[in-house]
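Notes follow the structure.
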Amino acid sequence: MNLKDVEIVPPVLYVEEQAEETMVIPLTGDSSLIDLKVEDSTQAFLDAASAVIVEFTASDIATLPYNPTLVSSGETYECGASYYFDVETGAFTHGQLVFVGITVGELAANATLETGRVFNRYVPAFYDLPQ
C-alpha cells in the first residue's frame, strides 16, 4: 500500500444523551431544530398499513432530536425511527419517524413531537490506528 494514496479521517460518532430540557417540535413546521414533512404512510408506500410518517432534516447536524414521541389530543405515540448518514463523511443526511396507530387525518392541529433525548455528534480530537 502506498501511503500517499491513503487518507485517514477522524471517525464520526453520534452519541445518545439526555437533553438539557424537553424538546417540543410542532408538526406545523414552526421549528428551528428540524425541517419536516408529514404524510400518511399509504401516500408514501401503496401497500403500507396506515400510519403517520415524518421525514426530517436538521439545520444543525451536531445535535438531533432522538426518537421523539408524537403527542396529539393528549394521546402519545411511540415511533419507529430511522436515521441516515453519509457513508463517507458520517454526517447526518435525513431521518424518518413512523407512528403507528394514528393517521394524518386524525392528527390534532397542535400535534407535536417531544423528546428528552438527543443524538450529539462527536468527532474525536485524537485516535490511534494500530498498524
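Letters A, B, ... go to the chains of the C-alpha cells in the order shown; residues in each chain start at 1; ligands are counted from 1 in the same order.
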
If you count only C-alpha atoms, which residues fall within 6 Å of stretch 67-83 of chain A, apart from same-chain ones fewer than 3 positions away, as an MDAnalysis selection string? chainID A and resid 95:99 107:108 111:115

Store the residues picked out above in a file with C-alpha atoms, as a short mmCIF file (atom, residue, chain, number, x, y, z; two decimals), in the first residue's frame.
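Written file, out_8.cif:
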data_model
loop_
_atom_site.label_atom_id
_atom_site.label_comp_id
_atom_site.auth_asym_id
_atom_site.auth_seq_id
_atom_site.Cartn_x
_atom_site.Cartn_y
_atom_site.Cartn_z
CA GLY A 95 -34.39 10.87 9.19
CA GLN A 96 -37.75 9.14 9.12
CA LEU A 97 -40.14 8.60 12.01
CA VAL A 98 -43.11 6.23 11.70
CA PHE A 99 -46.00 6.46 14.17
CA LEU A 107 -53.72 14.50 13.92
CA ALA A 108 -54.71 17.43 16.11
CA ALA A 111 -49.76 17.97 17.43
CA THR A 112 -46.10 17.95 18.47
CA LEU A 113 -43.02 15.77 18.61
CA GLU A 114 -41.50 15.65 22.09
CA THR A 115 -38.25 14.17 23.36
#

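Of the residues in stretch 17-95 of chain A, those given helix (DSSP H, G or I) by DSSP on the backbone are A:Ser41, A:Thr42, A:Gln43, A:Ala44.
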
Could you save the residues just selected, with N, CA, C and O atoms, as a CSV table (one decimal), in the first residue's frame?
chain,number,residue,atom,x,y,z
A,41,SER,N,-48.6,7.1,5.6
A,41,SER,CA,-47.8,6.0,5.1
A,41,SER,C,-48.4,5.5,3.8
A,41,SER,O,-47.6,5.1,2.9
A,42,THR,N,-49.7,5.5,3.6
A,42,THR,CA,-50.3,5.0,2.4
A,42,THR,C,-50.0,5.9,1.2
A,42,THR,O,-50.0,5.4,0.0
A,43,GLN,N,-49.6,7.1,1.4
A,43,GLN,CA,-49.2,8.0,0.3
A,43,GLN,C,-47.8,7.7,-0.1
A,43,GLN,O,-47.5,7.8,-1.3
A,44,ALA,N,-47.0,7.4,0.8
A,44,ALA,CA,-45.6,7.1,0.5
A,44,ALA,C,-45.4,5.7,0.0
A,44,ALA,O,-44.5,5.4,-0.9

Set the distance at 9 Å and use only C-alpha atoms: which residues neighbour A:Glu39 once local chain neighbours fewer than 6 positions away are removed? I'd like the list as a list in words. Ala51, Val52, Ile53, Val54, Glu55, Thr103 and Val104 of chain A

What does the structure give for the distance between atom CA of A:Val12 and atom CA of A:Gly29, in Å to one decimal? 28.4 Å

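The two atoms in question, atom CA of A:Gln18 and atom CA of A:Asp60, are spaced 17.3 Å apart.
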
One decimal, Å: what's the distance from atom CA of A:Gly101 over to atom CA of A:Phe56, could you say? 20.2 Å

Would you kindly return, as a list in words, each protein, DNA or RNA residue with an atom no farther than 7 Å from any atom of A:Ala58, considering only C-alpha atoms and excluding same-chain residues fewer than 4 positions away? Leu33, Ile34 and Asp35 of chain A

Export, as a PDB file, in the first residue's frame, the selected residues with N, CA, C and O atoms.
ATOM      1  N   LEU A  33     -35.257  23.577  14.979  1.00  0.00           N
ATOM      2  CA  LEU A  33     -34.460  22.364  15.147  1.00  0.00           C
ATOM      3  C   LEU A  33     -34.433  21.493  13.905  1.00  0.00           C
ATOM      4  O   LEU A  33     -33.379  21.005  13.511  1.00  0.00           O
ATOM      5  N   ILE A  34     -35.612  21.252  13.323  1.00  0.00           N
ATOM      6  CA  ILE A  34     -35.691  20.384  12.153  1.00  0.00           C
ATOM      7  C   ILE A  34     -36.696  20.925  11.147  1.00  0.00           C
ATOM      8  O   ILE A  34     -37.627  21.642  11.500  1.00  0.00           O
ATOM      9  N   ASP A  35     -36.456  20.587   9.892  1.00  0.00           N
ATOM     10  CA  ASP A  35     -37.432  20.823   8.831  1.00  0.00           C
ATOM     11  C   ASP A  35     -38.122  19.492   8.611  1.00  0.00           C
ATOM     12  O   ASP A  35     -37.458  18.456   8.503  1.00  0.00           O
TER      13      ASP A  35
END

I want to know what sits within 12 Å of A:Glu88, based on only C-alpha atoms, with residues of the same chain fewer than 5 positions away left out; could you give that as JSON, numbers by chain? {"A": [7, 8, 9, 10, 11, 12, 93]}

Got a sec to tell me which of chain A DSSP assigns to strand (DSSP E or B), as number ranges by chain? A: 13-26, 34-40, 51-58, 63-65, 69-72, 75-77, 79-85, 92-100, 112-122

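Here the question is which of A:Leu3, A:Ala19, A:Ala91, A:Leu27 gets nearest to A:Tyr122 using only C-alpha atoms, and that residue is A:Ala91.
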
Considering only C-alpha atoms, return as a PyMOL selection string whatever protein or nucleic-acid residues lie within 8 Å of A:Ala62, sequence-local ones (same chain, fewer than 6 positions apart) excluded. chain A and resi 119-122

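Comparing A:Ile102, A:Val87, A:Ala49, A:Leu64 by their smallest distance to A:Ser32, the closest is A:Leu64 (using only C-alpha atoms).
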
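Comparing the minimum interatomic distances between A:Ser31 and each of A:Glu106, A:Ala125, A:Gly90, A:Pro65, counting only C-alpha atoms, we find that A:Pro65 sits nearest.
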
Nearest-residue call for A:Tyr14, choices A:Ser50, A:Thr63, A:Asn2, A:Thr28, using only C-alpha atoms: A:Thr63
